[in-house]
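Chemist: Here you go, this is run-v5.cif (mmCIF, N, CA and C atoms).
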```cif
data_structure
loop_
_atom_site.label_atom_id
_atom_site.label_comp_id
_atom_site.auth_asym_id
_atom_site.auth_seq_id
_atom_site.Cartn_x
_atom_site.Cartn_y
_atom_site.Cartn_z
N MET A 1 87.57 80.74 100.68
CA MET A 1 88.62 80.93 99.67
C MET A 1 88.00 81.62 98.46
N ILE A 2 88.63 82.71 98.05
CA ILE A 2 88.15 83.47 96.91
C ILE A 2 88.79 83.00 95.61
N TYR A 3 90.08 82.69 95.70
CA TYR A 3 90.84 82.31 94.51
C TYR A 3 92.01 81.43 94.96
N GLU A 4 92.41 80.52 94.06
CA GLU A 4 93.56 79.66 94.35
C GLU A 4 94.20 79.21 93.05
N ASN A 5 95.53 79.22 93.03
CA ASN A 5 96.28 78.57 91.96
C ASN A 5 97.39 77.76 92.61
N ASP A 6 98.38 77.33 91.87
CA ASP A 6 99.44 76.49 92.43
C ASP A 6 100.39 77.25 93.34
N ILE A 7 100.39 78.58 93.28
CA ILE A 7 101.38 79.38 94.00
C ILE A 7 100.77 80.24 95.10
N LEU A 8 99.57 80.80 94.85
CA LEU A 8 98.94 81.75 95.76
C LEU A 8 97.49 81.38 96.03
N TYR A 9 96.96 81.93 97.10
CA TYR A 9 95.51 81.87 97.32
C TYR A 9 95.06 83.15 97.99
N ILE A 10 93.77 83.46 97.81
CA ILE A 10 93.19 84.69 98.34
C ILE A 10 92.00 84.33 99.22
N GLU A 11 91.98 84.95 100.41
CA GLU A 11 90.88 84.77 101.36
C GLU A 11 90.25 86.11 101.69
N LYS A 12 89.00 86.07 102.10
CA LYS A 12 88.29 87.26 102.58
C LYS A 12 88.53 87.39 104.08
N GLU A 13 88.83 88.59 104.53
CA GLU A 13 88.90 88.89 105.96
C GLU A 13 87.51 89.33 106.40
N ASP A 14 87.03 88.79 107.51
CA ASP A 14 85.73 89.18 108.03
C ASP A 14 85.86 90.56 108.65
N SER A 15 85.28 91.55 108.00
CA SER A 15 85.44 92.94 108.43
C SER A 15 84.29 93.79 107.91
N GLN A 16 84.17 94.97 108.48
CA GLN A 16 83.18 95.95 108.04
C GLN A 16 83.51 96.46 106.63
N ILE A 17 84.78 96.46 106.27
CA ILE A 17 85.23 96.96 104.98
C ILE A 17 85.58 95.80 104.05
N PRO A 18 85.61 96.03 102.75
CA PRO A 18 86.10 95.00 101.83
C PRO A 18 87.61 94.80 102.06
N TRP A 19 87.99 93.58 102.43
CA TRP A 19 89.36 93.30 102.87
C TRP A 19 89.70 91.87 102.47
N ILE A 20 90.77 91.74 101.70
CA ILE A 20 91.23 90.41 101.31
C ILE A 20 92.68 90.22 101.73
N LYS A 21 93.09 88.95 101.78
CA LYS A 21 94.46 88.59 102.11
C LYS A 21 94.98 87.66 101.03
N ILE A 22 96.18 87.95 100.56
CA ILE A 22 96.82 87.15 99.52
C ILE A 22 97.99 86.40 100.16
N PHE A 23 97.96 85.08 100.11
CA PHE A 23 98.98 84.23 100.75
C PHE A 23 99.78 83.46 99.70
N THR A 24 101.05 83.21 100.00
CA THR A 24 101.81 82.25 99.22
C THR A 24 101.45 80.86 99.77
N LYS A 25 101.38 79.89 98.89
CA LYS A 25 101.09 78.53 99.35
C LYS A 25 102.28 77.93 100.08
N GLU A 26 103.46 78.19 99.56
CA GLU A 26 104.67 77.74 100.25
C GLU A 26 104.93 78.68 101.42
N ASN A 27 105.43 78.13 102.50
CA ASN A 27 105.60 78.89 103.73
C ASN A 27 106.90 79.68 103.74
N TYR A 28 106.94 80.77 102.97
CA TYR A 28 108.10 81.67 102.99
C TYR A 28 107.93 82.62 104.17
N LYS A 29 109.01 82.86 104.89
CA LYS A 29 108.93 83.75 106.05
C LYS A 29 108.97 85.22 105.64
N GLU A 30 109.81 85.57 104.69
CA GLU A 30 109.96 86.96 104.25
C GLU A 30 109.77 87.05 102.74
N LEU A 31 109.38 88.21 102.27
CA LEU A 31 109.20 88.42 100.84
C LEU A 31 110.48 88.11 100.08
N SER A 32 111.62 88.49 100.64
CA SER A 32 112.91 88.24 100.00
C SER A 32 113.25 86.76 99.92
N ASP A 33 112.55 85.92 100.68
CA ASP A 33 112.74 84.47 100.61
C ASP A 33 112.02 83.86 99.41
N CYS A 34 111.07 84.58 98.86
CA CYS A 34 110.29 84.09 97.72
C CYS A 34 111.14 84.15 96.45
N PRO A 35 111.03 83.14 95.59
CA PRO A 35 111.68 83.23 94.28
C PRO A 35 111.11 84.41 93.49
N ASP A 36 111.87 84.89 92.53
CA ASP A 36 111.45 86.06 91.74
C ASP A 36 110.08 85.88 91.12
N PHE A 37 109.79 84.69 90.57
CA PHE A 37 108.50 84.50 89.91
C PHE A 37 107.34 84.60 90.90
N VAL A 38 107.56 84.21 92.16
CA VAL A 38 106.52 84.34 93.19
C VAL A 38 106.36 85.81 93.58
N GLN A 39 107.46 86.52 93.74
CA GLN A 39 107.39 87.95 94.03
C GLN A 39 106.63 88.68 92.92
N ASN A 40 106.93 88.36 91.67
CA ASN A 40 106.25 89.00 90.54
C ASN A 40 104.76 88.69 90.53
N MET A 41 104.42 87.44 90.80
CA MET A 41 103.00 87.07 90.82
C MET A 41 102.29 87.78 91.97
N LEU A 42 102.92 87.84 93.13
CA LEU A 42 102.34 88.55 94.27
C LEU A 42 102.04 90.01 93.90
N PHE A 43 103.03 90.67 93.30
CA PHE A 43 102.86 92.07 92.94
C PHE A 43 101.70 92.23 91.96
N LYS A 44 101.62 91.38 90.97
CA LYS A 44 100.53 91.46 89.99
C LYS A 44 99.17 91.22 90.65
N PHE A 45 99.12 90.29 91.60
CA PHE A 45 97.86 90.01 92.30
C PHE A 45 97.47 91.18 93.21
N ILE A 46 98.44 91.79 93.85
CA ILE A 46 98.16 92.95 94.70
C ILE A 46 97.60 94.09 93.86
N VAL A 47 98.23 94.37 92.73
CA VAL A 47 97.76 95.44 91.85
C VAL A 47 96.37 95.11 91.30
N ALA A 48 96.15 93.88 90.89
CA ALA A 48 94.83 93.49 90.39
C ALA A 48 93.77 93.64 91.49
N SER A 49 94.12 93.31 92.71
CA SER A 49 93.19 93.45 93.84
C SER A 49 92.88 94.91 94.09
N GLU A 50 93.93 95.75 94.08
CA GLU A 50 93.72 97.18 94.27
C GLU A 50 92.80 97.76 93.19
N LEU A 51 93.10 97.44 91.93
CA LEU A 51 92.29 97.95 90.83
C LEU A 51 90.84 97.48 90.93
N SER A 52 90.65 96.23 91.33
CA SER A 52 89.29 95.69 91.46
C SER A 52 88.52 96.38 92.58
N LEU A 53 89.18 96.60 93.71
CA LEU A 53 88.53 97.30 94.82
C LEU A 53 88.17 98.73 94.42
N LYS A 54 89.10 99.41 93.74
CA LYS A 54 88.83 100.78 93.29
C LYS A 54 87.65 100.83 92.32
N GLU A 55 87.66 99.91 91.37
CA GLU A 55 86.60 99.90 90.35
C GLU A 55 85.24 99.57 90.95
N TYR A 56 85.20 98.56 91.81
CA TYR A 56 83.92 98.07 92.30
C TYR A 56 83.34 98.92 93.44
N TYR A 57 84.20 99.33 94.38
CA TYR A 57 83.72 100.04 95.56
C TYR A 57 83.93 101.56 95.53
N GLN A 58 84.84 102.04 94.71
CA GLN A 58 85.18 103.45 94.66
C GLN A 58 85.48 104.02 96.05
N PRO A 59 86.46 103.43 96.74
CA PRO A 59 86.78 103.85 98.11
C PRO A 59 87.56 105.16 98.15
N GLU A 60 87.68 105.70 99.33
CA GLU A 60 88.50 106.88 99.56
C GLU A 60 89.98 106.56 99.36
N LYS A 61 90.39 105.34 99.79
CA LYS A 61 91.79 104.95 99.77
C LYS A 61 91.88 103.43 99.78
N ILE A 62 92.97 102.92 99.23
CA ILE A 62 93.29 101.49 99.34
C ILE A 62 94.46 101.36 100.30
N ASN A 63 94.36 100.45 101.26
CA ASN A 63 95.47 100.16 102.16
C ASN A 63 96.03 98.79 101.80
N ILE A 64 97.36 98.71 101.75
CA ILE A 64 98.06 97.45 101.51
C ILE A 64 99.05 97.27 102.65
N ALA A 65 99.01 96.12 103.30
CA ALA A 65 99.87 95.90 104.45
C ALA A 65 100.43 94.49 104.46
N SER A 66 101.60 94.36 105.06
CA SER A 66 102.21 93.06 105.28
C SER A 66 102.98 93.11 106.58
N PHE A 67 102.44 92.50 107.63
CA PHE A 67 103.11 92.48 108.92
C PHE A 67 103.67 91.10 109.20
N ALA A 68 102.81 90.10 109.15
CA ALA A 68 103.19 88.70 109.33
C ALA A 68 103.89 88.43 110.65
N ASN A 69 103.48 89.13 111.69
CA ASN A 69 104.03 88.83 113.01
C ASN A 69 103.27 87.69 113.69
N TYR A 70 101.96 87.70 113.57
CA TYR A 70 101.15 86.64 114.15
C TYR A 70 101.10 85.41 113.25
N VAL A 71 101.08 85.65 111.96
CA VAL A 71 101.10 84.58 110.97
C VAL A 71 102.42 84.74 110.21
N PRO A 72 103.49 84.09 110.68
CA PRO A 72 104.83 84.35 110.12
C PRO A 72 105.08 83.69 108.77
N ARG A 73 104.30 84.10 107.80
CA ARG A 73 104.48 83.66 106.42
C ARG A 73 104.08 84.82 105.51
N VAL A 74 104.60 84.82 104.32
CA VAL A 74 104.34 85.93 103.41
C VAL A 74 102.85 85.99 103.06
N HIS A 75 102.26 87.15 103.34
CA HIS A 75 100.91 87.44 102.91
C HIS A 75 100.69 88.94 102.96
N PHE A 76 99.74 89.41 102.15
CA PHE A 76 99.43 90.82 102.06
C PHE A 76 97.95 91.05 102.30
N HIS A 77 97.65 92.12 103.01
CA HIS A 77 96.29 92.58 103.25
C HIS A 77 96.01 93.70 102.25
N VAL A 78 94.88 93.63 101.57
CA VAL A 78 94.48 94.68 100.64
C VAL A 78 93.06 95.09 101.03
N MET A 79 92.89 96.37 101.38
CA MET A 79 91.64 96.85 101.97
C MET A 79 91.13 98.10 101.27
N ALA A 80 89.83 98.16 101.08
CA ALA A 80 89.17 99.38 100.60
C ALA A 80 88.75 100.18 101.83
N ARG A 81 89.18 101.44 101.87
CA ARG A 81 88.90 102.29 103.03
C ARG A 81 87.96 103.43 102.66
N PHE A 82 87.12 103.79 103.61
CA PHE A 82 86.11 104.82 103.41
C PHE A 82 86.14 105.80 104.58
N LYS A 83 85.91 107.08 104.29
CA LYS A 83 85.91 108.08 105.36
C LYS A 83 84.93 107.72 106.46
N GLU A 84 83.88 106.97 106.11
CA GLU A 84 82.84 106.63 107.07
C GLU A 84 83.12 105.33 107.83
N ASP A 85 84.20 104.59 107.47
CA ASP A 85 84.41 103.33 108.20
C ASP A 85 84.83 103.63 109.64
N ALA A 86 84.69 102.65 110.50
CA ALA A 86 84.85 102.86 111.94
C ALA A 86 86.25 103.29 112.35
N PHE A 87 87.26 103.00 111.55
CA PHE A 87 88.64 103.29 111.95
C PHE A 87 89.28 104.44 111.18
N PHE A 88 88.73 104.83 110.03
CA PHE A 88 89.36 105.83 109.17
C PHE A 88 89.57 107.14 109.92
N PRO A 89 90.72 107.77 109.84
CA PRO A 89 91.87 107.49 108.98
C PRO A 89 92.90 106.54 109.60
N GLU A 90 92.63 106.02 110.79
CA GLU A 90 93.55 105.06 111.43
C GLU A 90 93.58 103.77 110.62
N SER A 91 94.60 102.95 110.87
CA SER A 91 94.64 101.62 110.25
C SER A 91 93.55 100.77 110.88
N MET A 92 93.23 99.68 110.24
CA MET A 92 92.21 98.77 110.77
C MET A 92 92.67 98.09 112.06
N TRP A 93 93.94 98.18 112.36
CA TRP A 93 94.48 97.65 113.61
C TRP A 93 94.64 98.75 114.65
N GLY A 94 94.26 99.98 114.28
CA GLY A 94 94.45 101.14 115.15
C GLY A 94 93.26 101.36 116.07
N LYS A 95 93.12 102.61 116.50
CA LYS A 95 92.07 102.99 117.43
C LYS A 95 90.78 103.30 116.66
N GLN A 96 89.70 102.66 117.07
CA GLN A 96 88.41 102.91 116.43
C GLN A 96 88.01 104.36 116.64
N GLN A 97 87.54 105.01 115.58
CA GLN A 97 87.21 106.43 115.60
C GLN A 97 85.73 106.71 115.82
N ARG A 98 84.87 105.77 115.43
CA ARG A 98 83.43 105.98 115.51
C ARG A 98 82.73 104.62 115.45
N LYS A 99 81.48 104.59 115.86
CA LYS A 99 80.67 103.37 115.74
C LYS A 99 79.90 103.42 114.43
N ILE A 100 80.06 102.38 113.64
CA ILE A 100 79.37 102.25 112.36
C ILE A 100 78.82 100.84 112.30
N LYS A 101 77.55 100.70 111.99
CA LYS A 101 76.97 99.37 111.88
C LYS A 101 77.09 98.83 110.46
N ASN A 102 76.83 99.67 109.46
CA ASN A 102 76.81 99.20 108.09
C ASN A 102 77.18 100.35 107.16
N LEU A 103 78.09 100.09 106.24
CA LEU A 103 78.49 101.11 105.27
C LEU A 103 77.64 101.09 104.00
N ASN A 104 76.70 100.14 103.92
CA ASN A 104 75.82 100.01 102.75
C ASN A 104 76.62 99.91 101.45
N LEU A 105 77.54 98.99 101.41
CA LEU A 105 78.40 98.78 100.25
C LEU A 105 77.79 97.74 99.32
N PRO A 106 78.20 97.76 98.05
CA PRO A 106 77.75 96.73 97.12
C PRO A 106 78.15 95.33 97.60
N ASN A 107 77.44 94.34 97.13
CA ASN A 107 77.64 92.95 97.51
C ASN A 107 79.07 92.47 97.22
N PHE A 108 79.67 91.76 98.16
CA PHE A 108 81.04 91.26 98.01
C PHE A 108 81.15 90.27 96.85
N GLU A 109 80.10 89.53 96.56
CA GLU A 109 80.12 88.57 95.44
C GLU A 109 80.40 89.27 94.11
N GLY A 110 79.86 90.46 93.95
CA GLY A 110 80.14 91.23 92.74
C GLY A 110 81.61 91.62 92.65
N PHE A 111 82.19 91.95 93.79
CA PHE A 111 83.63 92.25 93.81
C PHE A 111 84.44 91.03 93.39
N ILE A 112 84.08 89.86 93.89
CA ILE A 112 84.81 88.63 93.54
C ILE A 112 84.79 88.42 92.03
N GLN A 113 83.67 88.67 91.39
CA GLN A 113 83.59 88.54 89.93
C GLN A 113 84.53 89.54 89.25
N THR A 114 84.56 90.77 89.73
CA THR A 114 85.45 91.79 89.18
C THR A 114 86.90 91.36 89.36
N LEU A 115 87.26 90.87 90.55
CA LEU A 115 88.62 90.45 90.84
C LEU A 115 89.01 89.25 89.97
N ASN A 116 88.15 88.25 89.90
CA ASN A 116 88.48 87.06 89.11
C ASN A 116 88.70 87.40 87.65
N LYS A 117 87.96 88.34 87.13
CA LYS A 117 88.17 88.77 85.74
C LYS A 117 89.57 89.35 85.57
N LYS A 118 89.99 90.20 86.50
CA LYS A 118 91.34 90.78 86.43
C LYS A 118 92.42 89.72 86.62
N LEU A 119 92.19 88.76 87.48
CA LEU A 119 93.19 87.72 87.74
C LEU A 119 93.37 86.82 86.51
N THR A 120 92.31 86.60 85.75
CA THR A 120 92.45 85.76 84.55
C THR A 120 93.25 86.47 83.46
N GLU A 121 93.37 87.79 83.56
CA GLU A 121 94.14 88.56 82.60
C GLU A 121 95.64 88.56 82.90
N ILE A 122 96.02 88.03 84.05
CA ILE A 122 97.45 88.00 84.45
C ILE A 122 98.14 86.84 83.78
#
```
If you took the structure in this file and wrote it as structure tokens, what would it be?
Modeler:
Amino acid sequence: MIYENDILYIEKEDSQIPWIKIFTKENYKELSDCPDFVQNMLFKFIVASELSLKEYYQPEKINIASFANYVPRVHFHVMARFKEDAFFPESMWGKQQRKIKNLNLPNFEGFIQTLNKKLTEI
């Protein structure tokens, strides 16, 4: 667990790229099922996550996704993408494009500090 409050929590996805998931604590099935204040908080957390990933990793692109087919509750994936990652330009659920062992990225702990700073400003 990277972050938690009374409404949301953030987890790290085990991946070659910096990838986090933002979940609602209450089990809402669809975004439209969330009360307005939860929708607003989700949006602010997604933007803070995007800004933190951009600042810390300087990726080629940020991907934001919400499928929730396997985990049928509201959550968002926020990923830093690089031209050199194994799947780029495909999605991380798409067809692997190349074999990559290590992207030599900065330590994830430093990203968590950057993210937590932005989250405290919300």
Chemist: Hey, what comes out of the PyMOL selection byres (((chain A and resi 71-73 and name CA) around 10) and name CA) on this file? Could you write it as a list of chain:residue names?
Modeler: A:Phe23, A:Thr24, A:Lys25, A:Glu26, A:Asn27, A:Tyr28, A:Lys29, A:Glu30, A:Leu31, A:Ser66, A:Phe67, A:Ala68, A:Asn69, A:Tyr70, A:Val74, A:His75, A:Phe76
Chemist: Show me, as a PyMOL selection string, the residues that have an atom within 7 Å of stretch 80-87 of chain A when counting only C-alpha atoms, minus same-chain residues fewer than 2 positions from it.
Modeler: chain A and resi 17-19+53+59-63+89-92+94-100+103
Chemist: For N, CA and C atoms, I'd like the residues from the last selection saved as a compact mmCIF listing (two decimals), keeping the file's coordinate frame.
Modeler:
```txt
# COMPACT_ATOMS: atom_id res chain seq x y z
N ILE A 17 84.78 96.46 106.27
CA ILE A 17 85.23 96.96 104.98
C ILE A 17 85.58 95.80 104.05
N PRO A 18 85.61 96.03 102.75
CA PRO A 18 86.10 95.00 101.83
C PRO A 18 87.61 94.80 102.06
N TRP A 19 87.99 93.58 102.43
CA TRP A 19 89.36 93.30 102.87
C TRP A 19 89.70 91.87 102.47
N LEU A 53 89.18 96.60 93.71
CA LEU A 53 88.53 97.30 94.82
C LEU A 53 88.17 98.73 94.42
N PRO A 59 86.46 103.43 96.74
CA PRO A 59 86.78 103.85 98.11
C PRO A 59 87.56 105.16 98.15
N GLU A 60 87.68 105.70 99.33
CA GLU A 60 88.50 106.88 99.56
C GLU A 60 89.98 106.56 99.36
N LYS A 61 90.39 105.34 99.79
CA LYS A 61 91.79 104.95 99.77
C LYS A 61 91.88 103.43 99.78
N ILE A 62 92.97 102.92 99.23
CA ILE A 62 93.29 101.49 99.34
C ILE A 62 94.46 101.36 100.30
N ASN A 63 94.36 100.45 101.26
CA ASN A 63 95.47 100.16 102.16
C ASN A 63 96.03 98.79 101.80
N PRO A 89 90.72 107.77 109.84
CA PRO A 89 91.87 107.49 108.98
C PRO A 89 92.90 106.54 109.60
N GLU A 90 92.63 106.02 110.79
CA GLU A 90 93.55 105.06 111.43
C GLU A 90 93.58 103.77 110.62
N SER A 91 94.60 102.95 110.87
CA SER A 91 94.64 101.62 110.25
C SER A 91 93.55 100.77 110.88
N MET A 92 93.23 99.68 110.24
CA MET A 92 92.21 98.77 110.77
C MET A 92 92.67 98.09 112.06
N GLY A 94 94.26 99.98 114.28
CA GLY A 94 94.45 101.14 115.15
C GLY A 94 93.26 101.36 116.07
N LYS A 95 93.12 102.61 116.50
CA LYS A 95 92.07 102.99 117.43
C LYS A 95 90.78 103.30 116.66
N GLN A 96 89.70 102.66 117.07
CA GLN A 96 88.41 102.91 116.43
C GLN A 96 88.01 104.36 116.64
N GLN A 97 87.54 105.01 115.58
CA GLN A 97 87.21 106.43 115.60
C GLN A 97 85.73 106.71 115.82
N ARG A 98 84.87 105.77 115.43
CA ARG A 98 83.43 105.98 115.51
C ARG A 98 82.73 104.62 115.45
N LYS A 99 81.48 104.59 115.86
CA LYS A 99 80.67 103.37 115.74
C LYS A 99 79.90 103.42 114.43
N ILE A 100 80.06 102.38 113.64
CA ILE A 100 79.37 102.25 112.36
C ILE A 100 78.82 100.84 112.30
N LEU A 103 78.09 100.09 106.24
CA LEU A 103 78.49 101.11 105.27
C LEU A 103 77.64 101.09 104.00
```
Chemist: Which of these residues is nearest to A:Lys117, using only C-alpha atoms: A:Ile20, A:Cys34, A:Tyr3, A:Gln39?
Modeler: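 Looking only at the distances to A:Lys117, the closest residue turns out to be A:Tyr3.
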Chemist: Between atom CA of A:Ile2 and atom C of A:Gln58, what is the distance in Å, rounded to a tenth?
Modeler: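 These two atoms are separated by 20.7 Å.
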Chemist: Name the residues in contact with A:Phe45 at a cut-off of 8 Å, using all atoms listed in the file, excluding same-chain residues fewer than 5 positions from it; report them as a list of chain:residue names.
Modeler: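 With the cut-off at 8 Å, the set is A:Ile22, A:Gln39, A:Asn40, A:Glu50, A:Leu51, A:Lys118, A:Leu119, A:Ile122.
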Chemist: Show me, as a list in words, the residues that have an atom within 8 Å of A:Lys21 when counting only N, CA and C atoms, minus same-chain residues fewer than 4 positions from it.
Modeler: Tyr9, Ile10, Glu11, Lys12, Glu13, His75, Phe76, His77, Val78 and Met79 of chain A
Chemist: Among chain A, which residues does DSSP mark as helix (DSSP H, G or I) when it is run on the backbone? Keep the chain and numbering as in the structure and answer as a compact mmCIF listing (two decimals) with N, CA and C atoms, in the coordinates of the input.
Modeler:
```txt
# COMPACT_ATOMS: atom_id res chain seq x y z
N LEU A 31 109.38 88.21 102.27
CA LEU A 31 109.20 88.42 100.84
C LEU A 31 110.48 88.11 100.08
N SER A 32 111.62 88.49 100.64
CA SER A 32 112.91 88.24 100.00
C SER A 32 113.25 86.76 99.92
N ASP A 33 112.55 85.92 100.68
CA ASP A 33 112.74 84.47 100.61
C ASP A 33 112.02 83.86 99.41
N ASP A 36 111.87 84.89 92.53
CA ASP A 36 111.45 86.06 91.74
C ASP A 36 110.08 85.88 91.12
N PHE A 37 109.79 84.69 90.57
CA PHE A 37 108.50 84.50 89.91
C PHE A 37 107.34 84.60 90.90
N VAL A 38 107.56 84.21 92.16
CA VAL A 38 106.52 84.34 93.19
C VAL A 38 106.36 85.81 93.58
N GLN A 39 107.46 86.52 93.74
CA GLN A 39 107.39 87.95 94.03
C GLN A 39 106.63 88.68 92.92
N ASN A 40 106.93 88.36 91.67
CA ASN A 40 106.25 89.00 90.54
C ASN A 40 104.76 88.69 90.53
N MET A 41 104.42 87.44 90.80
CA MET A 41 103.00 87.07 90.82
C MET A 41 102.29 87.78 91.97
N LEU A 42 102.92 87.84 93.13
CA LEU A 42 102.34 88.55 94.27
C LEU A 42 102.04 90.01 93.90
N PHE A 43 103.03 90.67 93.30
CA PHE A 43 102.86 92.07 92.94
C PHE A 43 101.70 92.23 91.96
N LYS A 44 101.62 91.38 90.97
CA LYS A 44 100.53 91.46 89.99
C LYS A 44 99.17 91.22 90.65
N PHE A 45 99.12 90.29 91.60
CA PHE A 45 97.86 90.01 92.30
C PHE A 45 97.47 91.18 93.21
N ILE A 46 98.44 91.79 93.85
CA ILE A 46 98.16 92.95 94.70
C ILE A 46 97.60 94.09 93.86
N VAL A 47 98.23 94.37 92.73
CA VAL A 47 97.76 95.44 91.85
C VAL A 47 96.37 95.11 91.30
N ALA A 48 96.15 93.88 90.89
CA ALA A 48 94.83 93.49 90.39
C ALA A 48 93.77 93.64 91.49
N SER A 49 94.12 93.31 92.71
CA SER A 49 93.19 93.45 93.84
C SER A 49 92.88 94.91 94.09
N GLU A 50 93.93 95.75 94.08
CA GLU A 50 93.72 97.18 94.27
C GLU A 50 92.80 97.76 93.19
N LEU A 51 93.10 97.44 91.93
CA LEU A 51 92.29 97.95 90.83
C LEU A 51 90.84 97.48 90.93
N SER A 52 90.65 96.23 91.33
CA SER A 52 89.29 95.69 91.46
C SER A 52 88.52 96.38 92.58
N LEU A 53 89.18 96.60 93.71
CA LEU A 53 88.53 97.30 94.82
C LEU A 53 88.17 98.73 94.42
N LYS A 54 89.10 99.41 93.74
CA LYS A 54 88.83 100.78 93.29
C LYS A 54 87.65 100.83 92.32
N GLU A 55 87.66 99.91 91.37
CA GLU A 55 86.60 99.90 90.35
C GLU A 55 85.24 99.57 90.95
N TYR A 56 85.20 98.56 91.81
CA TYR A 56 83.92 98.07 92.30
C TYR A 56 83.34 98.92 93.44
N TYR A 57 84.20 99.33 94.38
CA TYR A 57 83.72 100.04 95.56
C TYR A 57 83.93 101.56 95.53
N PHE A 108 79.67 91.76 98.16
CA PHE A 108 81.04 91.26 98.01
C PHE A 108 81.15 90.27 96.85
N GLU A 109 80.10 89.53 96.56
CA GLU A 109 80.12 88.57 95.44
C GLU A 109 80.40 89.27 94.11
N GLY A 110 79.86 90.46 93.95
CA GLY A 110 80.14 91.23 92.74
C GLY A 110 81.61 91.62 92.65
N PHE A 111 82.19 91.95 93.79
CA PHE A 111 83.63 92.25 93.81
C PHE A 111 84.44 91.03 93.39
N ILE A 112 84.08 89.86 93.89
CA ILE A 112 84.81 88.63 93.54
C ILE A 112 84.79 88.42 92.03
N GLN A 113 83.67 88.67 91.39
CA GLN A 113 83.59 88.54 89.93
C GLN A 113 84.53 89.54 89.25
N THR A 114 84.56 90.77 89.73
CA THR A 114 85.45 91.79 89.18
C THR A 114 86.90 91.36 89.36
N LEU A 115 87.26 90.87 90.55
CA LEU A 115 88.62 90.45 90.84
C LEU A 115 89.01 89.25 89.97
N ASN A 116 88.15 88.25 89.90
CA ASN A 116 88.48 87.06 89.11
C ASN A 116 88.70 87.40 87.65
N LYS A 117 87.96 88.34 87.13
CA LYS A 117 88.17 88.77 85.74
C LYS A 117 89.57 89.35 85.57
N LYS A 118 89.99 90.20 86.50
CA LYS A 118 91.34 90.78 86.43
C LYS A 118 92.42 89.72 86.62
N LEU A 119 92.19 88.76 87.48
CA LEU A 119 93.19 87.72 87.74
C LEU A 119 93.37 86.82 86.51
N THR A 120 92.31 86.60 85.75
CA THR A 120 92.45 85.76 84.55
C THR A 120 93.25 86.47 83.46
```
Chemist: May I have all residues of stretch 15-79 of chain A that DSSP, computed from the backbone, assigns to strand (DSSP E), given as number ranges by chain?
Modeler: A: 19-24, 61-65, 75-79
Chemist: Using only C-alpha atoms, find the one residue out of A:Ala48, A:Asp14, A:Leu42, A:Leu105 that sits nearest to A:Glu121.
Modeler: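 Of A:Ala48, A:Asp14, A:Leu42, A:Leu105, the one nearest A:Glu121, counting only C-alpha atoms, is A:Ala48.
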Chemist: Since the input lacks atoms, please generate N, CA, C and O atoms for stretch 23-33 of chain A and provide them as a PDB file, in the coordinates of the input.
Modeler:
```pdb
ATOM      1  N   PHE A  23      97.960  85.080 100.110  1.00  0.00           N
ATOM      2  CA  PHE A  23      98.980  84.230 100.750  1.00  0.00           C
ATOM      3  C   PHE A  23      99.780  83.460  99.700  1.00  0.00           C
ATOM      4  O   PHE A  23      99.237  83.052  98.677  1.00  0.00           O
ATOM      5  N   THR A  24     101.050  83.210 100.000  1.00  0.00           N
ATOM      6  CA  THR A  24     101.810  82.250  99.220  1.00  0.00           C
ATOM      7  C   THR A  24     101.450  80.860  99.770  1.00  0.00           C
ATOM      8  O   THR A  24     101.219  80.705 100.965  1.00  0.00           O
ATOM      9  N   LYS A  25     101.380  79.890  98.890  1.00  0.00           N
ATOM     10  CA  LYS A  25     101.090  78.530  99.350  1.00  0.00           C
ATOM     11  C   LYS A  25     102.280  77.930 100.080  1.00  0.00           C
ATOM     12  O   LYS A  25     102.115  77.262 101.100  1.00  0.00           O
ATOM     13  N   GLU A  26     103.460  78.190  99.560  1.00  0.00           N
ATOM     14  CA  GLU A  26     104.670  77.740 100.250  1.00  0.00           C
ATOM     15  C   GLU A  26     104.930  78.680 101.420  1.00  0.00           C
ATOM     16  O   GLU A  26     104.699  79.876 101.329  1.00  0.00           O
ATOM     17  N   ASN A  27     105.430  78.130 102.500  1.00  0.00           N
ATOM     18  CA  ASN A  27     105.600  78.890 103.730  1.00  0.00           C
ATOM     19  C   ASN A  27     106.900  79.680 103.740  1.00  0.00           C
ATOM     20  O   ASN A  27     107.844  79.337 104.440  1.00  0.00           O
ATOM     21  N   TYR A  28     106.940  80.770 102.970  1.00  0.00           N
ATOM     22  CA  TYR A  28     108.100  81.670 102.990  1.00  0.00           C
ATOM     23  C   TYR A  28     107.930  82.620 104.170  1.00  0.00           C
ATOM     24  O   TYR A  28     106.850  83.145 104.394  1.00  0.00           O
ATOM     25  N   LYS A  29     109.010  82.860 104.890  1.00  0.00           N
ATOM     26  CA  LYS A  29     108.930  83.750 106.050  1.00  0.00           C
ATOM     27  C   LYS A  29     108.970  85.220 105.640  1.00  0.00           C
ATOM     28  O   LYS A  29     108.256  86.049 106.201  1.00  0.00           O
ATOM     29  N   GLU A  30     109.810  85.570 104.690  1.00  0.00           N
ATOM     30  CA  GLU A  30     109.960  86.960 104.250  1.00  0.00           C
ATOM     31  C   GLU A  30     109.770  87.050 102.740  1.00  0.00           C
ATOM     32  O   GLU A  30     110.017  86.073 102.031  1.00  0.00           O
ATOM     33  N   LEU A  31     109.380  88.210 102.270  1.00  0.00           N
ATOM     34  CA  LEU A  31     109.200  88.420 100.840  1.00  0.00           C
ATOM     35  C   LEU A  31     110.480  88.110 100.080  1.00  0.00           C
ATOM     36  O   LEU A  31     110.456  87.515  99.005  1.00  0.00           O
ATOM     37  N   SER A  32     111.620  88.490 100.640  1.00  0.00           N
ATOM     38  CA  SER A  32     112.910  88.240 100.000  1.00  0.00           C
ATOM     39  C   SER A  32     113.250  86.760  99.920  1.00  0.00           C
ATOM     40  O   SER A  32     114.132  86.361  99.156  1.00  0.00           O
ATOM     41  N   ASP A  33     112.550  85.920 100.680  1.00  0.00           N
ATOM     42  CA  ASP A  33     112.740  84.470 100.610  1.00  0.00           C
ATOM     43  C   ASP A  33     112.020  83.860  99.410  1.00  0.00           C
ATOM     44  O   ASP A  33     112.327  82.737  99.001  1.00  0.00           O
TER      45      ASP A  33
END
```
